[in-house]
$ cat coords.txt   # compact mmCIF, C-alpha atoms
# COMPACT_ATOMS: atom_id res chain seq x y z
CA MET A 1 2.74 -23.67 -8.01
CA GLU A 2 1.07 -21.16 -5.69
CA VAL A 3 1.19 -17.44 -4.95
CA ARG A 4 -0.67 -15.21 -2.52
CA ALA A 5 -1.32 -11.48 -2.96
CA ARG A 6 -2.63 -8.92 -0.51
CA ALA A 7 -3.98 -5.48 -1.41
CA PRO A 8 -4.89 -2.76 1.10
CA GLY A 9 -8.12 -0.88 1.46
CA LYS A 10 -8.32 2.90 1.43
CA ILE A 11 -9.77 5.90 3.23
CA ILE A 12 -10.42 9.44 2.08
CA LEU A 13 -8.57 11.67 4.53
CA SER A 14 -10.04 14.87 3.11
CA GLY A 15 -11.89 16.26 0.11
CA GLU A 16 -14.71 13.79 -0.55
CA HIS A 17 -17.61 15.32 -2.53
CA ALA A 18 -15.72 18.61 -2.96
CA VAL A 19 -13.37 16.83 -5.38
CA VAL A 20 -16.30 16.50 -7.80
CA HIS A 21 -16.44 20.32 -7.84
CA GLY A 22 -12.74 20.93 -8.48
CA SER A 23 -11.24 20.72 -4.98
CA THR A 24 -8.23 18.64 -3.97
CA ALA A 25 -8.76 15.37 -2.11
CA VAL A 26 -6.32 13.08 -0.31
CA ALA A 27 -6.68 9.29 -0.06
CA ALA A 28 -4.47 6.84 1.85
CA SER A 29 -4.01 3.11 2.10
CA ILE A 30 -4.89 1.29 5.33
CA ASP A 31 -3.38 -1.91 6.71
CA LEU A 32 -6.59 -3.90 6.29
CA TYR A 33 -6.32 -6.24 3.31
CA THR A 34 -8.02 -8.41 0.74
CA TYR A 35 -6.07 -11.61 0.02
CA ALA A 36 -6.13 -13.65 -3.18
CA SER A 37 -4.26 -16.93 -3.58
CA LEU A 38 -3.72 -18.65 -6.91
CA ARG A 39 -2.79 -22.31 -7.22
CA LEU A 40 -1.97 -23.86 -10.58
CA PRO A 41 -2.28 -27.66 -10.19
CA PRO A 42 0.35 -30.01 -11.66
CA ALA A 43 -0.68 -31.90 -14.79
CA SER A 44 -0.71 -35.12 -12.77
CA GLU A 45 -3.86 -33.99 -10.93
CA ASN A 46 -5.80 -34.09 -14.20
CA ASP A 47 -8.18 -31.39 -12.95
CA ASN A 48 -9.60 -29.36 -15.83
CA THR A 49 -11.68 -26.81 -13.88
CA LEU A 50 -11.33 -23.21 -12.76
CA LYS A 51 -12.44 -22.79 -9.14
CA LEU A 52 -13.13 -19.62 -7.16
CA GLN A 53 -13.70 -19.67 -3.40
CA LEU A 54 -14.95 -16.58 -1.53
CA LYS A 55 -14.14 -17.75 1.98
CA ASP A 56 -15.76 -14.95 3.99
CA LEU A 57 -19.05 -15.37 2.14
CA SER A 58 -18.98 -19.18 2.11
CA LEU A 59 -19.43 -19.18 -1.67
CA GLU A 60 -17.72 -21.48 -4.18
CA PHE A 61 -17.82 -21.47 -7.97
CA SER A 62 -16.34 -23.78 -10.59
CA TRP A 63 -16.34 -23.88 -14.38
CA PRO A 64 -14.93 -26.53 -16.74
CA VAL A 65 -12.11 -24.87 -18.68
CA ASP A 66 -13.49 -26.30 -21.93
CA LYS A 67 -16.80 -24.56 -21.31
CA ILE A 68 -15.07 -21.22 -20.69
CA LYS A 69 -13.15 -21.67 -23.92
CA ALA A 70 -16.35 -22.45 -25.82
CA VAL A 71 -18.18 -19.29 -24.70
CA MET A 72 -15.10 -17.04 -24.71
CA PRO A 73 -12.84 -18.09 -27.58
CA GLY A 74 -9.62 -16.35 -28.58
CA PHE A 75 -7.56 -16.44 -25.38
CA ASP A 76 -5.27 -19.40 -26.14
CA ASN A 77 -2.47 -16.83 -25.99
CA PRO A 78 -3.12 -14.68 -22.90
CA ILE A 79 -2.86 -10.90 -23.25
CA SER A 80 -1.38 -10.20 -19.82
CA LEU A 81 0.85 -7.37 -21.09
CA THR A 82 -2.07 -5.56 -22.71
CA PRO A 83 -4.73 -4.43 -20.19
CA THR A 84 -7.98 -4.60 -22.15
CA SER A 85 -11.56 -3.52 -21.46
CA CYS A 86 -14.23 -6.18 -21.48
CA SER A 87 -16.48 -5.76 -24.51
CA SER A 88 -20.26 -5.88 -24.13
CA GLU A 89 -20.25 -9.17 -26.06
CA PHE A 90 -17.76 -10.83 -23.70
CA LEU A 91 -19.56 -9.32 -20.71
CA LYS A 92 -22.72 -11.16 -21.78
CA SER A 93 -20.75 -14.42 -22.08
CA ILE A 94 -19.27 -13.92 -18.62
CA ALA A 95 -22.70 -13.10 -17.20
CA ALA A 96 -24.00 -16.40 -18.57
CA LEU A 97 -21.17 -18.27 -16.80
CA VAL A 98 -21.83 -16.43 -13.54
CA GLU A 99 -25.60 -16.94 -13.71
CA GLU A 100 -25.12 -20.71 -13.74
CA HIS A 101 -24.45 -20.41 -10.01
CA PHE A 102 -27.02 -19.66 -7.36
CA PHE A 103 -26.57 -16.41 -5.46
CA PRO A 104 -28.48 -15.89 -2.20
CA GLU A 105 -30.53 -12.68 -2.52
CA ALA A 106 -28.41 -10.94 0.12
CA LYS A 107 -25.28 -11.61 -1.95
CA LEU A 108 -26.46 -10.68 -5.44
CA GLY A 109 -24.00 -7.76 -5.53
CA ILE A 110 -21.14 -10.26 -5.50
CA ALA A 111 -21.92 -11.29 -9.11
CA ALA A 112 -20.10 -8.23 -10.50
CA GLY A 113 -16.97 -9.15 -8.57
CA VAL A 114 -17.11 -12.73 -9.88
CA SER A 115 -17.49 -11.35 -13.42
CA ALA A 116 -14.42 -9.16 -12.91
CA PHE A 117 -12.49 -12.22 -11.71
CA LEU A 118 -13.39 -14.23 -14.82
CA TRP A 119 -12.33 -11.43 -17.17
CA LEU A 120 -8.99 -10.88 -15.41
CA TYR A 121 -8.32 -14.60 -15.19
CA ILE A 122 -9.00 -15.40 -18.83
CA CYS A 123 -7.02 -12.40 -20.11
CA ILE A 124 -3.97 -13.02 -17.92
CA GLN A 125 -3.90 -16.83 -17.51
CA GLY A 126 -5.93 -17.99 -20.52
CA TYR A 127 -7.61 -21.38 -20.15
CA ARG A 128 -5.39 -22.89 -17.46
CA PRO A 129 -7.16 -24.81 -14.67
CA ALA A 130 -6.60 -23.29 -11.23
CA THR A 131 -8.00 -22.67 -7.77
CA VAL A 132 -8.33 -19.08 -6.56
CA VAL A 133 -9.22 -18.33 -2.94
CA VAL A 134 -10.25 -14.86 -1.78
CA SER A 135 -10.59 -13.61 1.80
CA SER A 136 -10.70 -10.13 3.30
CA ASN A 137 -10.77 -8.14 6.52
CA LEU A 138 -12.36 -5.19 4.73
CA PRO A 139 -16.12 -4.78 5.24
CA LEU A 140 -18.02 -4.81 1.95
CA GLY A 141 -19.77 -1.70 0.66
CA SER A 142 -18.62 0.59 3.46
CA GLY A 143 -16.41 2.99 1.47
CA LEU A 144 -13.08 1.36 2.35
CA GLY A 145 -12.24 0.27 -1.20
CA SER A 146 -13.10 -3.42 -0.86
CA SER A 147 -13.89 -3.91 -4.57
CA ALA A 148 -10.66 -2.22 -5.65
CA ALA A 149 -8.65 -4.32 -3.19
CA LEU A 150 -10.30 -7.40 -4.74
CA SER A 151 -9.37 -6.35 -8.28
CA VAL A 152 -5.81 -5.41 -7.27
CA SER A 153 -5.15 -8.61 -5.32
CA LEU A 154 -6.53 -10.75 -8.15
CA ALA A 155 -4.51 -8.91 -10.81
CA ALA A 156 -1.35 -9.19 -8.72
CA ALA A 157 -1.70 -12.93 -8.05
CA LEU A 158 -2.58 -13.69 -11.68
CA LEU A 159 0.30 -11.63 -13.06
CA ALA A 160 2.80 -13.06 -10.57
CA LEU A 161 2.41 -16.51 -12.18
CA SER A 162 2.22 -15.22 -15.75
CA ASP A 163 4.96 -14.81 -18.34
CA SER A 164 4.71 -11.03 -18.03
CA VAL A 165 6.29 -10.73 -14.58
CA ARG A 166 9.61 -12.07 -13.35
CA MET A 167 9.63 -12.73 -9.62
CA GLY A 168 12.03 -14.69 -7.44
CA PHE A 169 10.00 -17.69 -6.27
CA SER A 170 12.63 -18.53 -3.66
CA GLN A 171 12.38 -15.16 -1.88
CA LYS A 172 10.81 -15.18 1.57
CA GLY A 173 8.07 -13.03 3.08
CA TRP A 174 5.89 -10.38 1.47
CA LEU A 175 7.46 -8.96 -1.68
CA GLN A 176 6.84 -5.73 -3.56
CA PHE A 177 6.60 -5.41 -7.34
CA GLY A 178 8.80 -3.05 -9.33
CA GLU A 179 7.29 0.11 -10.82
CA ARG A 180 6.66 -1.46 -14.24
CA GLU A 181 4.84 -4.39 -12.70
CA LEU A 182 2.84 -2.11 -10.38
CA ASP A 183 1.68 -0.06 -13.36
CA LEU A 184 0.55 -3.28 -15.06
CA VAL A 185 -1.29 -4.47 -11.94
CA ASN A 186 -3.00 -1.08 -11.61
CA LYS A 187 -4.18 -1.03 -15.22
CA TRP A 188 -5.63 -4.54 -15.00
CA ALA A 189 -7.26 -3.75 -11.65
CA PHE A 190 -8.88 -0.70 -13.24
CA GLU A 191 -10.39 -2.98 -15.89
CA GLY A 192 -11.82 -5.13 -13.10
CA GLU A 193 -13.22 -2.02 -11.39
CA LYS A 194 -14.92 -0.98 -14.62
CA ILE A 195 -16.81 -4.27 -14.69
CA ILE A 196 -17.87 -3.79 -11.05
CA HIS A 197 -18.67 -0.07 -11.06
CA GLY A 198 -19.08 1.03 -14.67
CA LYS A 199 -17.19 4.34 -14.50
CA PRO A 200 -14.75 4.26 -11.57
CA SER A 201 -12.43 7.21 -10.90
CA GLY A 202 -9.33 5.01 -10.67
CA ILE A 203 -8.51 6.43 -7.24
CA ASP A 204 -9.32 3.32 -5.18
CA ASN A 205 -7.34 0.86 -7.30
CA SER A 206 -4.38 3.30 -7.49
CA VAL A 207 -4.21 3.65 -3.69
CA SER A 208 -4.51 -0.13 -3.28
CA THR A 209 -1.79 -0.78 -5.87
CA TYR A 210 0.82 1.82 -4.93
CA GLY A 211 -0.02 2.31 -1.26
CA ASN A 212 0.90 5.35 0.85
CA MET A 213 -1.16 8.40 -0.21
CA ILE A 214 -2.59 9.87 -3.37
CA LYS A 215 -3.56 13.48 -3.91
CA PHE A 216 -6.08 14.06 -6.66
CA ARG A 217 -7.73 17.01 -8.33
CA SER A 218 -9.63 17.41 -11.61
CA GLY A 219 -8.85 13.84 -12.66
CA GLU A 220 -5.10 14.07 -12.01
CA LEU A 221 -3.56 11.66 -9.48
CA THR A 222 -0.28 12.44 -7.71
CA ARG A 223 1.43 9.88 -5.50
CA ILE A 224 2.77 11.37 -2.27
CA LYS A 225 4.66 9.85 0.65
CA SER A 226 3.65 10.31 4.26
CA ASN A 227 6.51 10.76 6.74
CA MET A 228 4.21 10.67 9.74
CA PRO A 229 2.99 7.40 11.28
CA LEU A 230 -0.76 7.58 11.85
CA ARG A 231 -3.39 5.33 13.38
CA MET A 232 -7.08 5.70 12.81
CA LEU A 233 -10.07 4.18 14.54
CA ILE A 234 -12.49 3.29 11.73
CA THR A 235 -16.09 3.00 12.86
CA ASN A 236 -18.42 1.20 10.49
CA THR A 237 -21.93 2.51 11.21
CA LYS A 238 -23.36 -0.40 9.16
CA VAL A 239 -25.76 2.10 7.60
CA GLY A 240 -25.97 1.62 3.85
CA ARG A 241 -25.83 4.67 1.62
CA ASN A 242 -26.72 5.66 -1.92
CA THR A 243 -23.55 7.30 -3.26
CA LYS A 244 -25.17 8.59 -6.45
CA ALA A 245 -28.01 10.23 -4.52
CA LEU A 246 -25.58 11.87 -2.07
CA VAL A 247 -23.40 13.23 -4.89
CA ALA A 248 -26.51 14.52 -6.68
CA GLY A 249 -27.70 16.17 -3.46
CA VAL A 250 -24.46 18.15 -3.15
CA SER A 251 -24.76 19.26 -6.78
CA GLU A 252 -28.35 20.39 -6.24
CA ARG A 253 -27.35 22.36 -3.14
CA THR A 254 -24.56 23.98 -5.17
CA LEU A 255 -27.09 25.11 -7.79
CA ARG A 256 -29.30 26.64 -5.09
CA HIS A 257 -26.44 28.35 -3.20
CA PRO A 258 -23.56 28.79 -5.68
CA ASN A 259 -21.59 31.45 -3.78
CA ALA A 260 -21.81 29.76 -0.39
CA MET A 261 -20.96 26.31 -1.77
CA THR A 262 -18.04 27.68 -3.79
CA ALA A 263 -16.64 29.02 -0.52
CA VAL A 264 -17.14 25.58 1.07
CA PHE A 265 -15.27 23.84 -1.76
CA THR A 266 -12.44 26.41 -1.62
CA ALA A 267 -12.07 25.78 2.12
CA VAL A 268 -11.95 22.01 1.57
CA ASP A 269 -9.23 22.51 -1.05
CA SER A 270 -7.15 24.46 1.48
CA ILE A 271 -7.67 21.76 4.12
CA SER A 272 -6.53 18.99 1.73
CA ASN A 273 -3.39 20.87 0.75
CA GLU A 274 -2.47 21.73 4.35
CA LEU A 275 -3.15 18.17 5.50
CA SER A 276 -0.94 16.66 2.80
CA SER A 277 1.86 19.14 3.61
CA ILE A 278 1.77 18.18 7.30
CA LEU A 279 1.86 14.45 6.50
CA GLN A 280 4.81 14.89 4.13
CA SER A 281 6.85 16.97 6.60
CA SER A 282 9.55 15.31 8.70
CA ALA A 283 8.68 15.19 12.40
CA ARG A 284 11.14 13.17 14.43
CA ASP A 285 10.74 14.50 17.98
CA GLU A 286 7.73 13.84 20.17
CA ILE A 287 6.77 17.52 20.54
CA THR A 288 6.60 18.14 16.79
CA ILE A 289 4.64 14.91 16.21
CA THR A 290 2.10 15.95 18.88
CA GLU A 291 1.79 19.44 17.35
CA ASN A 292 1.19 17.94 13.91
CA GLU A 293 -1.41 15.53 15.30
CA GLU A 294 -3.24 18.47 16.88
CA LYS A 295 -3.22 20.31 13.54
CA LEU A 296 -4.54 17.22 11.75
CA SER A 297 -7.31 16.88 14.36
CA GLU A 298 -8.40 20.46 13.74
CA LEU A 299 -8.34 19.97 9.97
CA MET A 300 -10.46 16.82 10.30
CA GLU A 301 -13.00 18.67 12.44
CA MET A 302 -13.15 21.52 9.93
CA ASN A 303 -13.57 19.10 7.03
CA GLN A 304 -16.41 17.34 8.86
CA GLY A 305 -18.13 20.67 9.47
CA LEU A 306 -17.92 21.46 5.76
CA LEU A 307 -19.29 18.00 4.89
CA GLN A 308 -22.23 18.80 7.16
CA CYS A 309 -22.66 22.04 5.17
CA MET A 310 -22.87 19.87 2.04
CA GLY A 311 -25.67 17.83 3.61
CA VAL A 312 -23.96 14.42 3.57
CA SER A 313 -23.82 13.61 7.28
CA HIS A 314 -26.25 11.23 9.00
CA SER A 315 -27.59 10.60 12.50
CA SER A 316 -25.33 7.54 12.85
CA ILE A 317 -22.28 9.64 11.92
CA GLU A 318 -23.32 12.33 14.41
CA THR A 319 -23.55 9.67 17.13
CA VAL A 320 -19.94 8.66 16.44
CA LEU A 321 -18.84 12.32 16.49
CA ARG A 322 -20.52 12.98 19.85
CA THR A 323 -19.07 9.81 21.37
CA THR A 324 -15.48 10.45 20.29
CA LEU A 325 -15.69 14.15 21.21
CA LYS A 326 -16.37 13.11 24.83
CA PHE A 327 -12.84 11.70 24.79
CA LYS A 328 -11.49 14.84 23.03
CA LEU A 329 -10.87 12.92 19.80
CA ALA A 330 -11.43 14.35 16.31
CA SER A 331 -13.56 12.45 13.79
CA LYS A 332 -14.89 12.84 10.27
CA LEU A 333 -16.85 10.72 7.83
CA THR A 334 -14.90 9.11 5.01
CA GLY A 335 -16.26 8.54 1.53
CA ALA A 336 -19.81 9.25 0.45
CA GLY A 337 -21.29 9.85 3.91
CA GLY A 338 -24.94 9.19 4.69
CA GLY A 339 -23.75 6.32 6.90
CA GLY A 340 -20.73 4.21 5.97
CA CYS A 341 -17.53 4.72 7.96
CA VAL A 342 -16.16 7.40 10.26
CA LEU A 343 -12.46 8.10 10.93
CA THR A 344 -11.13 9.03 14.36
CA LEU A 345 -7.50 10.10 14.73
CA LEU A 346 -5.72 8.19 17.50
CA PRO A 347 -2.84 10.38 18.77
CA SER A 348 0.45 8.56 19.37
CA LEU A 349 0.37 9.33 23.12
CA LEU A 350 -3.24 8.18 23.61
CA SER A 351 -3.45 5.35 26.13
CA GLY A 352 -4.79 1.96 25.16
CA THR A 353 -7.27 2.17 28.03
CA ILE A 354 -8.94 5.22 26.47
CA VAL A 355 -9.06 3.53 23.07
CA ASP A 356 -10.74 0.49 24.63
CA LYS A 357 -13.35 2.72 26.31
CA VAL A 358 -14.11 4.55 23.06
CA ILE A 359 -14.51 1.28 21.17
CA ALA A 360 -16.72 -0.22 23.89
CA GLU A 361 -19.05 2.79 23.83
CA LEU A 362 -19.25 2.87 20.03
CA GLU A 363 -19.89 -0.85 19.73
CA SER A 364 -22.62 -0.60 22.37
CA CYS A 365 -24.41 1.58 19.78
CA GLY A 366 -24.30 -1.31 17.33
CA PHE A 367 -21.29 -0.05 15.36
CA LYS A 368 -18.22 -2.09 14.38
CA CYS A 369 -14.76 -0.68 15.12
CA LEU A 370 -11.43 -1.39 13.44
CA ILE A 371 -8.00 0.12 14.11
CA ALA A 372 -5.77 0.68 11.08
CA GLY A 373 -2.36 2.08 10.30
CA ILE A 374 -2.40 4.68 7.54
CA ALA A 375 -0.29 5.12 4.39
CA GLY A 376 1.54 1.79 4.37
CA ASN A 377 2.67 -0.36 1.45
CA GLY A 378 0.52 -1.13 -1.55
CA VAL A 379 -0.05 -4.56 -3.05
CA GLU A 380 2.43 -7.31 -2.12
CA ILE A 381 2.87 -10.97 -3.03
CA CYS A 382 4.21 -14.03 -1.27
CA PHE A 383 5.27 -17.48 -2.47
CA GLU A 384 5.17 -19.03 1.02
CA ALA A 385 1.95 -20.92 1.66
CA SER A 386 2.24 -20.36 5.42
CA LEU A 387 1.90 -16.54 5.31
$ encode --input "coords.txt" --output "C-alpha cells"
Amino acid sequence: MEVRARAPGKIILSGEHAVVHGSTAVAASIDLYTYASLRLPPASENDNTLKLQLKDLSLEFSWPVDKIKAVMPGFDNPISLTPTSCSSEFLKSIAALVEEHFFPEAKLGIAAGVSAFLWLYICIQGYRPATVVVSSNLPLGSGLGSSAALSVSLAAALLALSDSVRMGFSQKGWLQFGERELDLVNKWAFEGEKIIHGKPSGIDNSVSTYGNMIKFRSGELTRIKSNMPLRMLITNTKVGRNTKALVAGVSERTLRHPNAMTAVFTAVDSISNELSSILQSSARDEITITENEEKLSELMEMNQGLLQCMGVSHSSIETVLRTTLKFKLASKLTGAGGGGCVLTLLPSLLSGTIVDKVIAELESCGFKCLIAGIAGNGVEICFEASL
C-alpha cells in the first residue's frame, strides 16, 4: 500500500518583522512543493526495517523496527488522533537513533528534520516497517517554509494510511482532506516543527496545510481566500541569514527610536490590511485586475521601504531591487531579510520575453530564480504511484 503527499511552501506577502511588534502580516502558499511518499510493504516481503530516503540530498537512513521499539517503548497502539509533543526523554532516544548515521558537515542541519520524522512516524504508525521517500523543489533555509512543508507532507502521508483518516483509495489524482483531517495534519505538523525549531509560530505549517492565505496578528491566525490570481518571481539570493539576530536588531532599533519605529509598524499594519482587502476583492475584467496589480506593486514597494527603515535589507536584496526596477517591476524581501529570498510581482499582462530577460540578468548575478503561483491549495494526497 502506498500514498504520496505534497505540501506547499509559503511566502510572507507583507508584515514580516513588524508582526513581532503588533502589526498585521499576510502569508500565502506557493505552488512549489515538498513531497513525501509512504509505502507499507506486504507481510510477504519480510522486511522489518523503517527506511527514510531524502532524494535531493542523496541521504538514506534505516532502522530495525525492533531497535526503535526497544529505545522508544509504548507505541504498540499508535496515538494518531492525539497530537503529542515529544518529551525531552524521547527526544534523547530519537537523537541516539539519528546519531547512528553519518551526516556530512554541510548537512548537519538535516538531523532535526530526521528527528521530526521519527517522532511523527512512531506516534502515527507505531512500529510498522515502511519506506518513506522525501523530495522537494523548495530551497532549504531560504525563508520559503521548507521545514514546515516537510512536516506537513509527512504528517499527511502518515495519517492517510492510519486508522484515523478515511480516504477513498480508488479515487484518482490529487485529493484534498476534509476540515477535520486538515486540523489533525496541522497539529501533528506543528509538533514536527517544534522539534525542528523549538518555538515556531505555527504560521508556516498552517499555510502549508490549509493553503491560500493567512492573516495573522498578535498570535491570532485567520484564514482568508484570495480571489485574484497572482504570479511571483522568487529570487533566492543564496545569502544565508541569522533570523534571531535580525529580529533582535529591529527590537534594538525600536528601543532607540520608539516614536519613529511605532510609526513604521503602524504603516506596515495598514499595508497588510489594504493588501489583503485587494486580494479578497472580486476582479473579473482585465482593467480592474491591472488596477489591482498596480496597487499591489505600490504596496510592495512601500513595505520594502519600511523594511529598509527597520534595517533588515542587504546588498544582495538591493541588487535584486535595482535589477527588477529597470523593468518597472516591484519587489520586496520576504521573511527575515538579510539575504534569503526576494519577491517580484509579475503582472498578468507582462510578456514572457521580459520575464526571461529579468531572470537572465538576475541569474548572471549568481542568484537562483523560481516562478510560483500564489495562494493555491494546501496539502494534498494521491494514491496513484505515477503522479
$ closest_atom_pairs --input "coords.txt" --of "stretch 188-228 of chain A" --to "stretch 356-375 of chain A" --cutoff "10 Å" --atoms "only C-alpha atoms" --output "JSON lines"
{"residue": "A:Val207", "atom": "CA", "partner": "A:Ala375", "partner_atom": "CA", "distance": 9.1}
{"residue": "A:Tyr210", "atom": "CA", "partner": "A:Ala375", "partner_atom": "CA", "distance": 9.9}
{"residue": "A:Gly211", "atom": "CA", "partner": "A:Ala375", "partner_atom": "CA", "distance": 6.3}
{"residue": "A:Asn212", "atom": "CA", "partner": "A:Ala375", "partner_atom": "CA", "distance": 3.7}
{"residue": "A:Met213", "atom": "CA", "partner": "A:Ala375", "partner_atom": "CA", "distance": 5.7}
{"residue": "A:Ile214", "atom": "CA", "partner": "A:Ala375", "partner_atom": "CA", "distance": 9.4}
{"residue": "A:Ile224", "atom": "CA", "partner": "A:Ala375", "partner_atom": "CA", "distance": 9.6}
{"residue": "A:Lys225", "atom": "CA", "partner": "A:Ala375", "partner_atom": "CA", "distance": 7.8}
{"residue": "A:Ser226", "atom": "CA", "partner": "A:Ala375", "partner_atom": "CA", "distance": 6.5}
{"residue": "A:Asn227", "atom": "CA", "partner": "A:Ala375", "partner_atom": "CA", "distance": 9.1}
{"residue": "A:Met228", "atom": "CA", "partner": "A:Ala375", "partner_atom": "CA", "distance": 8.9}
$ residues_around --input "coords.txt" --residues "stretch 267-271 of chain A" --least-positions-apart "3" --cutoff "6 Å" --atoms "all atoms listed in the file" --output "list in words"
Gly15, Ser23, Thr24, Val264, Glu274 and Leu275 of chain A
$ closest_residue --input "coords.txt" --among "A:Thr209, A:Ser201, A:Thr34, A:Thr49" --to "A:Lys69" --atoms "all atoms listed in the file"
A:Thr49
$ atom_distance --input "coords.txt" --atom1 "atom CA of A:Lys328" --atom2 "atom CA of A:Ile287"
18.6 Å
$ closest_residue --input "coords.txt" --among "A:Ala7, A:Leu350, A:Leu184, A:Leu52" --to "A:Pro129" --atoms "only C-alpha atoms"
A:Leu52
$ residues_around --input "coords.txt" --residues "A:Asp183" --least-positions-apart "4" --cutoff "12 Å" --atoms "only C-alpha atoms" --output "list in words"
Leu81, Thr82, Pro83, Val152, Ala155, Ala156, Leu159, Val165, Phe177, Gly178, Glu179, Lys187, Trp188, Ala189, Phe190, Asn205, Ser206, Val207, Ser208, Thr209, Tyr210, Gly378 and Val379 of chain A
$ residues_around --input "coords.txt" --residues "A:Glu293" --least-positions-apart "5" --cutoff "10 Å" --atoms "only C-alpha atoms" --output "PyMOL selection string"
chain A and resi 228+230+278-279+287-288+298-299+345-348
$ atom_distance --input "coords.txt" --atom1 "atom CA of A:Gly202" --atom2 "atom CA of A:Ala111"
20.7 Å
$ atom_distance --input "coords.txt" --atom1 "atom CA of A:Ser162" --atom2 "atom CA of A:Val134"
18.7 Å
$ residues_near_point --input "coords.txt" --point "(-19.2, -1.7, 10.7)" --cutoff "12 Å" --atoms "only C-alpha atoms" --output "compact mmCIF listing (two decimals) with C-alpha atoms, in the frame of the given file"
# COMPACT_ATOMS: atom_id res chain seq x y z
CA ASN A 137 -10.77 -8.14 6.52
CA LEU A 138 -12.36 -5.19 4.73
CA PRO A 139 -16.12 -4.78 5.24
CA LEU A 140 -18.02 -4.81 1.95
CA GLY A 141 -19.77 -1.70 0.66
CA SER A 142 -18.62 0.59 3.46
CA GLY A 143 -16.41 2.99 1.47
CA LEU A 144 -13.08 1.36 2.35
CA LEU A 233 -10.07 4.18 14.54
CA ILE A 234 -12.49 3.29 11.73
CA THR A 235 -16.09 3.00 12.86
CA ASN A 236 -18.42 1.20 10.49
CA THR A 237 -21.93 2.51 11.21
CA LYS A 238 -23.36 -0.40 9.16
CA VAL A 239 -25.76 2.10 7.60
CA GLY A 240 -25.97 1.62 3.85
CA SER A 316 -25.33 7.54 12.85
CA ILE A 317 -22.28 9.64 11.92
CA VAL A 320 -19.94 8.66 16.44
CA GLY A 339 -23.75 6.32 6.90
CA GLY A 340 -20.73 4.21 5.97
CA CYS A 341 -17.53 4.72 7.96
CA VAL A 342 -16.16 7.40 10.26
CA LEU A 343 -12.46 8.10 10.93
CA ILE A 359 -14.51 1.28 21.17
CA LEU A 362 -19.25 2.87 20.03
CA GLU A 363 -19.89 -0.85 19.73
CA CYS A 365 -24.41 1.58 19.78
CA GLY A 366 -24.30 -1.31 17.33
CA PHE A 367 -21.29 -0.05 15.36
CA LYS A 368 -18.22 -2.09 14.38
CA CYS A 369 -14.76 -0.68 15.12
CA LEU A 370 -11.43 -1.39 13.44
CA ILE A 371 -8.00 0.12 14.11
$ residues_around --input "coords.txt" --residues "stretch 303-306 of chain A" --least-positions-apart "2" --cutoff "10 Å" --atoms "all atoms listed in the file" --output "VMD selection string"
chain A and resid 13 to 16 18 261 263 to 265 267 to 269 271 to 272 297 to 301 308 to 313 321 330 to 334
$ residues_near_point --input "coords.txt" --point "(-12.4, 10.5, -11.5)" --cutoff "9 Å" --atoms "only C-alpha atoms" --output "VMD selection string"
chain A and resid 19 to 20 199 to 203 216 to 220
